[in-house]
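See below for input-v3.tsv, which holds TSV, C-alpha atoms.
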chain	number	residue	atom	x	y	z
A	1	MET	CA	47.78	-146.86	138.67
A	2	THR	CA	45.89	-147.91	141.82
A	3	ASP	CA	45.57	-151.66	142.38
A	4	ALA	CA	41.93	-152.80	142.61
A	5	SER	CA	42.60	-155.23	145.48
A	6	SER	CA	44.25	-152.53	147.53
A	7	THR	CA	41.38	-150.08	147.09
A	8	ALA	CA	38.91	-152.73	148.23
A	9	ASP	CA	40.71	-152.98	151.58
A	10	ARG	CA	40.71	-149.26	152.40
A	11	PRO	CA	38.20	-146.44	152.53
A	12	GLU	CA	37.36	-144.69	149.23
A	13	THR	CA	39.23	-141.47	148.78
A	14	PRO	CA	37.36	-138.27	147.84
A	15	GLU	CA	38.99	-138.35	144.41
A	16	GLU	CA	37.90	-141.95	143.82
A	17	LYS	CA	34.36	-141.15	144.96
A	18	ALA	CA	34.19	-138.20	142.61
A	19	ASP	CA	35.39	-140.36	139.74
A	20	ARG	CA	32.85	-143.06	140.56
A	21	VAL	CA	29.95	-140.58	140.77
A	22	ALA	CA	31.02	-138.93	137.51
A	23	GLU	CA	31.18	-142.29	135.74
A	24	ALA	CA	27.71	-143.25	137.04
A	25	ARG	CA	26.31	-139.96	135.81
A	26	ARG	CA	27.91	-140.47	132.41
A	27	LYS	CA	26.32	-143.91	132.10
A	28	ARG	CA	22.92	-142.57	133.17
A	29	ARG	CA	23.14	-139.79	130.57
A	30	ALA	CA	24.09	-142.31	127.89
A	31	ASN	CA	21.18	-144.57	128.84
A	32	GLN	CA	18.78	-141.63	128.93
A	33	THR	CA	19.93	-140.49	125.48
A	34	ALA	CA	19.38	-143.97	124.07
A	35	ARG	CA	15.89	-144.14	125.60
A	36	ASN	CA	15.02	-140.72	124.22
A	37	LEU	CA	16.22	-141.76	120.77
A	38	ILE	CA	14.15	-144.94	120.86
A	39	GLY	CA	11.11	-143.00	122.07
A	40	SER	CA	11.48	-140.49	119.25
A	41	LEU	CA	11.74	-143.28	116.68
A	42	VAL	CA	8.63	-144.99	118.04
A	43	ALA	CA	6.69	-141.70	117.96
A	44	SER	CA	7.83	-140.99	114.41
A	45	LEU	CA	6.81	-144.45	113.26
A	46	GLY	CA	3.43	-143.97	114.92
A	47	ILE	CA	2.85	-140.73	113.01
A	48	VAL	CA	3.84	-142.36	109.72
A	49	LEU	CA	1.49	-145.28	110.39
A	50	PHE	CA	-1.35	-142.87	111.19
A	51	LEU	CA	-0.79	-140.98	107.94
A	52	VAL	CA	-0.75	-144.19	105.91
A	53	LEU	CA	-3.87	-145.70	107.51
A	54	VAL	CA	-6.01	-142.60	107.96
A	55	VAL	CA	-4.85	-139.72	105.81
A	56	VAL	CA	-3.37	-141.32	102.70
A	57	ARG	CA	-6.12	-143.85	102.11
A	58	PRO	CA	-7.96	-144.30	98.81
A	59	ASP	CA	-11.29	-142.61	98.20
A	60	PRO	CA	-14.17	-144.83	99.29
A	61	ALA	CA	-16.18	-146.41	96.53
A	62	PRO	CA	-19.41	-144.51	95.88
A	63	LEU	CA	-22.53	-145.96	97.45
A	64	ALA	CA	-24.35	-148.01	94.81
A	65	ILE	CA	-28.15	-147.74	94.70
A	66	ASP	CA	-30.35	-150.52	93.30
A	67	TYR	CA	-32.26	-148.21	90.98
A	68	ALA	CA	-34.05	-151.09	89.24
A	69	ALA	CA	-35.65	-152.11	92.53
A	70	ALA	CA	-36.50	-148.47	93.26
A	71	ALA	CA	-38.06	-148.20	89.81
A	72	ALA	CA	-40.33	-151.17	90.52
A	73	GLU	CA	-41.51	-149.50	93.72
A	74	ALA	CA	-42.07	-146.21	91.88
A	75	GLU	CA	-44.15	-147.95	89.19
A	76	ALA	CA	-46.29	-149.61	91.84
A	77	SER	CA	-46.88	-146.23	93.47
A	78	LEU	CA	-47.61	-144.35	90.23
A	79	GLY	CA	-49.49	-147.06	88.40
A	80	THR	CA	-47.41	-146.40	85.28
A	81	SER	CA	-43.96	-147.21	83.93
A	82	VAL	CA	-40.82	-145.27	84.83
A	83	ILE	CA	-37.57	-145.34	82.89
A	84	ALA	CA	-34.75	-147.47	84.33
A	85	PRO	CA	-32.11	-147.66	81.57
A	86	VAL	CA	-29.44	-150.34	81.43
A	87	VAL	CA	-26.11	-148.51	81.76
A	88	PRO	CA	-22.50	-149.78	81.56
A	89	PRO	CA	-21.34	-151.87	84.53
A	90	THR	CA	-18.64	-149.28	85.20
A	91	TRP	CA	-21.36	-146.76	86.12
A	92	THR	CA	-23.04	-146.66	89.51
A	93	ALA	CA	-26.33	-145.13	90.60
A	94	ASN	CA	-26.04	-142.83	93.60
A	95	ARG	CA	-29.68	-141.77	93.72
A	96	ALA	CA	-33.06	-143.21	92.73
A	97	GLU	CA	-36.29	-141.81	94.06
A	98	LEU	CA	-39.85	-140.83	93.32
A	99	ALA	CA	-40.62	-137.33	94.53
A	100	GLY	CA	-42.63	-134.32	93.43
A	101	SER	CA	-42.27	-130.67	92.55
A	102	GLY	CA	-45.07	-128.16	92.04
A	103	GLY	CA	-47.66	-130.92	92.07
A	104	VAL	CA	-45.80	-132.95	89.40
A	105	ASP	CA	-44.58	-136.48	90.13
A	106	GLU	CA	-40.86	-136.85	89.35
A	107	TRP	CA	-38.78	-140.00	88.95
A	108	THR	CA	-35.06	-139.31	89.34
A	109	VAL	CA	-31.93	-141.45	88.92
A	110	GLY	CA	-28.38	-140.16	89.32
A	111	PHE	CA	-25.40	-141.93	87.75
A	112	ILE	CA	-21.67	-141.64	88.37
A	113	THR	CA	-19.86	-142.52	85.14
A	114	ALA	CA	-16.63	-144.44	84.72
A	115	ASP	CA	-14.60	-141.23	84.78
A	116	ARG	CA	-16.44	-140.00	87.91
A	117	THR	CA	-18.63	-137.41	86.22
A	118	PHE	CA	-22.37	-137.09	86.78
A	119	LEU	CA	-25.43	-137.77	84.64
A	120	GLY	CA	-29.01	-137.58	85.83
A	121	LEU	CA	-32.31	-138.89	84.50
A	122	LEU	CA	-35.38	-136.86	85.43
A	123	GLN	CA	-38.82	-138.03	84.31
A	124	GLY	CA	-41.60	-135.59	85.07
A	125	PHE	CA	-45.14	-136.80	84.54
A	126	THR	CA	-46.32	-133.64	82.80
A	127	ASP	CA	-45.98	-131.84	79.50
A	128	GLU	CA	-45.99	-128.35	81.00
A	129	GLN	CA	-43.18	-126.18	79.67
A	130	SER	CA	-43.01	-124.29	82.95
A	131	TRP	CA	-41.97	-127.52	84.68
A	132	LEU	CA	-39.21	-128.07	82.10
A	133	ARG	CA	-37.95	-124.50	82.46
A	134	ASP	CA	-37.74	-124.93	86.22
A	135	ALA	CA	-36.07	-128.33	85.91
A	136	LEU	CA	-33.33	-126.99	83.63
A	137	ARG	CA	-33.05	-123.49	85.13
A	138	ASP	CA	-34.43	-121.64	82.07
A	139	PRO	CA	-32.41	-123.40	79.36
A	140	GLY	CA	-33.42	-121.11	76.47
A	141	GLU	CA	-33.61	-122.47	72.94
A	142	GLY	CA	-32.20	-125.91	72.22
A	143	ASP	CA	-31.14	-127.70	69.07
A	144	THR	CA	-32.95	-130.76	67.73
A	145	VAL	CA	-30.81	-133.88	67.47
A	146	ARG	CA	-31.71	-137.48	66.72
A	147	ILE	CA	-30.18	-140.21	68.85
A	148	ALA	CA	-31.14	-143.91	68.64
A	149	GLY	CA	-34.19	-143.09	66.55
A	150	VAL	CA	-35.52	-140.51	69.03
A	151	ASP	CA	-35.74	-136.74	68.58
A	152	TRP	CA	-34.21	-134.78	71.46
A	153	GLN	CA	-33.82	-131.13	72.28
A	154	ARG	CA	-30.17	-130.57	73.17
A	155	TYR	CA	-28.94	-127.80	75.48
A	156	ASP	CA	-25.23	-127.09	75.95
A	157	ARG	CA	-24.45	-124.55	78.66
A	158	ARG	CA	-20.90	-125.48	79.57
A	159	GLY	CA	-19.16	-122.46	81.01
A	160	VAL	CA	-22.41	-120.69	81.94
A	161	ASP	CA	-22.61	-119.58	85.58
A	162	GLY	CA	-25.42	-120.80	87.80
A	163	VAL	CA	-26.40	-123.98	85.94
A	164	GLY	CA	-24.77	-126.35	88.45
A	165	LEU	CA	-25.00	-129.95	87.31
A	166	ARG	CA	-27.12	-128.99	84.30
A	167	GLU	CA	-24.23	-128.12	81.99
A	168	ILE	CA	-25.57	-130.30	79.17
A	169	ALA	CA	-29.03	-131.73	78.71
A	170	LEU	CA	-31.24	-133.72	76.35
A	171	VAL	CA	-35.03	-133.58	76.49
A	172	THR	CA	-37.69	-135.79	74.89
A	173	SER	CA	-41.22	-136.86	75.76
A	174	THR	CA	-43.45	-139.89	76.14
A	175	PRO	CA	-47.26	-139.89	75.92
A	176	ASP	CA	-47.50	-139.11	79.66
A	177	SER	CA	-44.15	-137.62	80.67
A	178	THR	CA	-41.20	-135.39	79.84
A	179	VAL	CA	-37.75	-137.02	80.01
A	180	VAL	CA	-34.69	-134.93	80.87
A	181	LEU	CA	-31.10	-136.17	80.78
A	182	TYR	CA	-28.58	-133.77	82.24
A	183	GLY	CA	-25.18	-133.57	83.87
A	184	THR	CA	-21.49	-132.76	83.59
A	185	ALA	CA	-20.30	-135.78	81.62
A	186	SER	CA	-18.88	-135.94	78.11
A	187	ASP	CA	-21.02	-135.82	74.97
A	188	ALA	CA	-20.20	-139.48	74.40
A	189	ASP	CA	-21.51	-140.52	77.82
A	190	LEU	CA	-24.61	-138.36	77.44
A	191	GLU	CA	-25.34	-139.99	74.07
A	192	LEU	CA	-24.73	-143.41	75.61
A	193	LEU	CA	-27.34	-142.68	78.29
A	194	ALA	CA	-29.75	-141.32	75.67
A	195	THR	CA	-29.39	-144.54	73.69
A	196	ALA	CA	-30.11	-146.63	76.79
A	197	VAL	CA	-33.16	-144.48	77.59
A	198	ALA	CA	-34.41	-144.70	74.00
A	199	ALA	CA	-34.53	-148.48	74.39
A	200	GLU	CA	-36.97	-148.00	77.31
A	201	LEU	CA	-39.32	-145.61	75.52
A	202	PRO	CA	-42.63	-146.77	74.00
A	203	ALA	CA	-42.14	-148.62	70.72
A	204	THR	CA	-44.55	-146.29	68.93
A	205	ARG	CA	-42.01	-143.47	68.91
As structure tokens, what does this structure read like?
Amino acid sequence: MTDASSTADRPETPEEKADRVAEARRKRRANQTARNLIGSLVASLGIVLFLVLVVVRPDPAPLAIDYAAAAAEAEASLGTSVIAPVVPPTWTANRAELAGSGGVDEWTVGFITADRTFLGLLQGFTDEQSWLRDALRDPGEGDTVRIAGVDWQRYDRRGVDGVGLREIALVTSTPDSTVVLYGTASDADLELLATAVAAELPATR
């Protein structure tokens, strides 16, 4: 074994230089490996954080529309009442507007139910059957049902192609309008909406 003090007092031999260079290279490789490992861990953690914050985030809450306020504006524009039923607090309105189709004024409200299905209220200020056929995409013959003291025509087209959101529907009328309830929700939710609408209809019914 070479004494350290003796090597310090003489020139480095080729063998000692080779050993020193090899040891330095080994240390550099070890340090580089450690840095690469740390870099890989940081990158992996960054990807996981991205997935958690951006990809695996909960669905945003649906935009809630103040349909009661929209109804007041619609009434002021029309000069007559529109239907704005009181629905469960677990429902949200995603649409409320006064528009028109074929020269007929239409008041529309869309609801998202507690189980994230859809129900719509369409009030057309006409009694023309052609308007109703267009609104429901030619529903055919319905069945008469009575809900909350009101007679409705009920249409059930679940499983029929081309009906879109109009899988089920209830139709009744007021002295100056035709009221259509439609959507993809359960029978229970449709009846619940019909009951709320019935409370808004003229007392003479």
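Compared by their closest atoms to Gly140 (chain A), and using only C-alpha atoms, the residues A:Glu128, A:Val197, A:Ala96, A:Gln153 rank with A:Gln153 nearest.
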Calculate how many Å separate CA of Asp66 (chain A) from CA of Ile168 (chain A), rounding to one decimal.
->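 Separation of CA of Asp66 (chain A) and CA of Ile168 (chain A): 25.1 Å.
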Choose the residue, out of A:Asp187, A:Asp127, A:Glu75, A:Asp105, that has the smallest atom-to-atom separation from Glu167 (chain A); count only C-alpha atoms.
->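 Ranked by minimum distance to Glu167 (chain A), first place goes to A:Asp187.
Here CA of Val179 (chain A) is placed at a distance of 22.5 Å from CA of Val160 (chain A).
Our summary of the geometry notes that CA of Leu121 (chain A) is positioned 12.6 Å from CA of Ser173 (chain A).
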Give me, as an mmCIF file with C-alpha atoms, in the frame of the given file, all polymer residues having an atom no more than 9 Å from Ser81 (chain A), counting all atoms listed in the file and skipping those fewer than 5 positions away in the same chain.
data_model
loop_
_atom_site.group_PDB
_atom_site.id
_atom_site.type_symbol
_atom_site.label_atom_id
_atom_site.label_comp_id
_atom_site.auth_asym_id
_atom_site.auth_seq_id
_atom_site.Cartn_x
_atom_site.Cartn_y
_atom_site.Cartn_z
ATOM 1 C CA ALA A 71 -38.060 -148.200 89.810
ATOM 2 C CA ALA A 72 -40.330 -151.170 90.520
ATOM 3 C CA ALA A 74 -42.070 -146.210 91.880
ATOM 4 C CA GLU A 75 -44.150 -147.950 89.190
ATOM 5 C CA ALA A 76 -46.290 -149.610 91.840
#
